[in-house]
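Asks: This is the structure I want to talk about, given as structure tokens.
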Amino acid sequence: MVSQEQRRRQLAREKFLRQQQRRTAARRKSRARNSVIASVLGVVVIGSVALYTTGVMKDDKKDDKANASADVTPSASATSKAPDPCEKPAKGSVKKLSWKKEPAMTVDTSAKYTMKLATTCGDIDVALKAAAAPHTVNSFDFLAGKGYFDHTKCHRLTTNGIYVLQCGDPTGTGTGGPGYTIPDENLKDKSLKGNVYPAGTVAMANTGQKHTGGSQFFLVYQDSQLPPNYAPFGTVSDAGLKVLKKIAAAGENTGAGDGAPNATVVINKATVTKS
């Protein structure tokens with residue numbers, strides 16, 4: 001017989017998956033509509049990939065809102081909005097970039113790579129797993145080099161059932177992507193035990209289908225129970241984890257445990273460095 005806590009987590013995961021399916025259907029309708037408009041205007045429209053966030057991390061991750069992008073059980077009641085712990089975004093605008101296919105592989109799997117997300121809430125440093133997730137790291141190296149993530153908002157925060165911040169969508173809607181997808185990688189990472197993504201994990205959001213990762217990703221700030229369907233490709237530093245917890249402490253805007261963060265979380269600059 002399952003405990004009340006186990007049942008709560010099960011319901012949260014099921015809700016998250018239902019949300020992911022609804023968002024995937026909505027994105028498909030949107031892409032179909034855009035395709036018709038493009039044909040009338042004679043413009044080639046490259047459909048963006050909806051990540052997850054979560055498929056639980058649908059490309060929302062989730063969803064995505066890893067784009068993700070998670071379906072969680074609502075809290076009993078919304079709490080009062082906490083003060084914004086973050087600074088104003090740097091001047092600049094999001095670049096509208098899209099590509100038809102995954103960038104050529106240039107990553108050196110024998111080297112160490114780190115990603116720095118200079119956000120309005122503080123720097124989040126990530127040690128990337130180039131050897132275990134070469135396509136994913138190669139894609140992030142490429143996108144960061146093009147300024148793809150600069151000035152983008154982290155559009156989703158979940159605070160109930162699963163505990164993640166989802167970023168990587170230039171549109172800020174949970175439906176954006178780079179125009180191409182990358183394969184799932186490293187789904188048997190030794191850090192994933194008992195279907196738990198430990199705090200500090202950085203993983204890809206997707207649409208809920210295999211090999212649909214794009215640019216949306218999620219950062220886990222507290223151990224979260226999720227099926228191993230989201231490619232883990234990095235680990236947040238201790239200092240970065242403190243930044244994530246500060247963001248989470250400010251809550252999200254629905255009071256139900258899954259919405260836009262109350263904190264003004266903007267990636268001013270993303271850089272990937274090889275060492």
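Going by the structure tokens order, chains are called A, B, ..., each with residues numbered from 1, while ligands are numbered from 1 in the order shown.
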With only C-alpha atoms as the counted atoms, please give the residues lying no more than 12 Å from A:Pro232, apart from itself and same-chain residues fewer than 5 positions off, as a ChimeraX atom specification.
Replies: /A:57,66,68,126-137,184-192,196-205,213,217-220,226-227
Asks: Using DSSP on the backbone coordinates, identify all residues within stretch 56-244 of chain A classified as strand (DSSP E or B); present the result as a PyMOL selection string.
Replies: chain A and resi 57-59+113-119+122-128+152-153+156-158+160+162+164-167+182+193+196-197+201-204+206+213+217-220+224-225+232-236
Asks: Just how far from atom CA of A:Gly145 is atom CA of A:Tyr163, in Å to one decimal?
Replies: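 It comes out at 28.7 Å.
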Asks: One decimal, Å: what's the distance from atom CA of A:Val265 over to atom CA of A:Asp84, could you say?
Replies: 9.6 Å
Asks: Could you give me, as a list in words, the residues within 10 Å of A:Ala90, counting only C-alpha atoms and dropping anything in the same chain fewer than 2 positions from it?
Replies: Glu87, Lys88, Gly92, Ser93, Thr119, Thr120, Asp150, His151, Val266, Ile267, Asn268 and Lys269 of chain A
Asks: Can you measure atom CA of A:Glu252 to atom CA of A:Gln166 for me? One decimal in Å is fine.
Replies: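 Going from atom CA of A:Glu252 over to atom CA of A:Gln166, I get 12.1 Å.
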Asks: If we count only C-alpha atoms and set the cut-off at 9 Å, which residues sit around A:Ile247, ignoring sequence neighbours fewer than 6 positions away in its own chain? Please answer as a list in words.
Replies: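 Near A:Ile247, the qualifying residues are Asp84, Pro85, Cys86, Cys121, Leu157, Leu165, Pro261, Asn262, Ala263, Thr264 and Val265 of chain A.
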Asks: Keeping only C-alpha atoms, take the residues you just selected and write them out as a CSV table (one decimal), in the first residue's frame.
Replies:
```csv
chain,number,residue,atom,x,y,z
A,84,ASP,CA,12.1,40.5,-6.1
A,85,PRO,CA,15.7,39.4,-5.1
A,86,CYS,CA,17.2,40.1,-8.5
A,121,CYS,CA,20.0,37.1,-9.9
A,157,LEU,CA,9.6,27.7,-12.0
A,165,LEU,CA,13.9,26.5,-13.0
A,261,PRO,CA,9.1,33.0,-11.4
A,262,ASN,CA,8.3,36.0,-9.3
A,263,ALA,CA,12.0,36.9,-9.5
A,264,THR,CA,13.2,38.7,-12.6
A,265,VAL,CA,15.4,35.9,-13.9
```
Asks: Can you work out which one of A:Thr106, A:Thr273, A:Phe233, A:Ser224 has the shortest atom-to-atom distance to A:Asn160, counting only C-alpha atoms?
Replies: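 Result for the nearest residue to A:Asn160: A:Ser224.
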Asks: Quick one: DSSP alpha helix (DSSP H) residues in stretch 104-237 of chain A, as a tab-separated table (two decimals) with all heavy atoms, in the first residue's frame?
Replies:
```
chain	number	residue	atom	x	y	z
A	134	PRO	N	27.90	14.66	-25.77
A	134	PRO	CA	28.62	15.51	-26.73
A	134	PRO	C	27.72	16.35	-27.63
A	134	PRO	O	28.04	17.51	-27.91
A	134	PRO	CB	29.46	14.51	-27.54
A	134	PRO	CG	28.75	13.20	-27.37
A	134	PRO	CD	28.19	13.23	-25.99
A	135	HIS	N	26.61	15.79	-28.10
A	135	HIS	CA	25.73	16.56	-28.97
A	135	HIS	C	25.10	17.73	-28.22
A	135	HIS	O	24.99	18.84	-28.76
A	135	HIS	CB	24.62	15.66	-29.54
A	135	HIS	CG	25.08	14.72	-30.60
A	135	HIS	ND1	25.06	15.03	-31.95
A	135	HIS	CD2	25.60	13.47	-30.51
A	135	HIS	CE1	25.53	14.01	-32.65
A	135	HIS	NE2	25.87	13.05	-31.80
A	136	THR	N	24.73	17.48	-26.98
A	136	THR	CA	24.10	18.53	-26.17
A	136	THR	C	25.09	19.64	-25.86
A	136	THR	O	24.79	20.83	-26.02
A	136	THR	CB	23.55	17.93	-24.87
A	136	THR	OG1	22.72	16.81	-25.18
A	136	THR	CG2	22.73	18.96	-24.11
A	137	VAL	N	26.28	19.27	-25.41
A	137	VAL	CA	27.29	20.28	-25.08
A	137	VAL	C	27.72	21.03	-26.34
A	137	VAL	O	27.91	22.25	-26.32
A	137	VAL	CB	28.50	19.62	-24.40
A	137	VAL	CG1	29.63	20.64	-24.19
A	137	VAL	CG2	28.09	19.03	-23.04
A	138	ASN	N	27.84	20.32	-27.45
A	138	ASN	CA	28.21	20.97	-28.71
A	138	ASN	C	27.17	22.00	-29.11
A	138	ASN	O	27.49	23.11	-29.56
A	138	ASN	CB	28.35	19.92	-29.81
A	138	ASN	CG	28.85	20.50	-31.11
A	138	ASN	OD1	30.02	20.86	-31.24
A	138	ASN	ND2	27.97	20.58	-32.10
A	139	SER	N	25.89	21.65	-28.93
A	139	SER	CA	24.81	22.57	-29.27
A	139	SER	C	24.85	23.81	-28.39
A	139	SER	O	24.70	24.94	-28.87
A	139	SER	CB	23.46	21.86	-29.13
A	139	SER	OG	22.39	22.74	-29.39
A	140	PHE	N	25.06	23.62	-27.08
A	140	PHE	CA	25.10	24.77	-26.18
A	140	PHE	C	26.32	25.64	-26.46
A	140	PHE	O	26.25	26.88	-26.36
A	140	PHE	CB	25.08	24.31	-24.73
A	140	PHE	CG	23.68	24.14	-24.21
A	140	PHE	CD1	22.92	23.05	-24.59
A	140	PHE	CD2	23.11	25.08	-23.38
A	140	PHE	CE1	21.62	22.88	-24.15
A	140	PHE	CE2	21.81	24.94	-22.92
A	140	PHE	CZ	21.06	23.83	-23.31
A	141	ASP	N	27.42	25.03	-26.80
A	141	ASP	CA	28.62	25.80	-27.17
A	141	ASP	C	28.32	26.66	-28.40
A	141	ASP	O	28.66	27.85	-28.45
A	141	ASP	CB	29.77	24.84	-27.44
A	141	ASP	CG	31.08	25.55	-27.74
A	141	ASP	OD1	31.29	26.67	-27.24
A	141	ASP	OD2	31.91	24.99	-28.49
A	142	PHE	N	27.65	26.07	-29.37
A	142	PHE	CA	27.29	26.77	-30.60
A	142	PHE	C	26.31	27.91	-30.32
A	142	PHE	O	26.53	29.06	-30.73
A	142	PHE	CB	26.66	25.78	-31.59
A	142	PHE	CG	26.06	26.42	-32.81
A	142	PHE	CD1	26.85	26.83	-33.87
A	142	PHE	CD2	24.68	26.59	-32.89
A	142	PHE	CE1	26.28	27.41	-34.99
A	142	PHE	CE2	24.10	27.18	-34.01
A	142	PHE	CZ	24.90	27.58	-35.07
A	143	LEU	N	25.23	27.61	-29.60
A	143	LEU	CA	24.20	28.62	-29.33
A	143	LEU	C	24.72	29.77	-28.48
A	143	LEU	O	24.44	30.94	-28.76
A	143	LEU	CB	23.00	27.96	-28.65
A	143	LEU	CG	22.21	26.95	-29.49
A	143	LEU	CD1	21.14	26.27	-28.64
A	143	LEU	CD2	21.56	27.62	-30.69
A	144	ALA	N	25.50	29.44	-27.46
A	144	ALA	CA	26.07	30.50	-26.61
A	144	ALA	C	26.99	31.39	-27.43
A	144	ALA	O	27.00	32.62	-27.25
A	144	ALA	CB	26.81	29.88	-25.43
A	145	GLY	N	27.76	30.78	-28.32
A	145	GLY	CA	28.67	31.56	-29.16
A	145	GLY	C	27.95	32.51	-30.09
A	145	GLY	O	28.50	33.55	-30.49
```
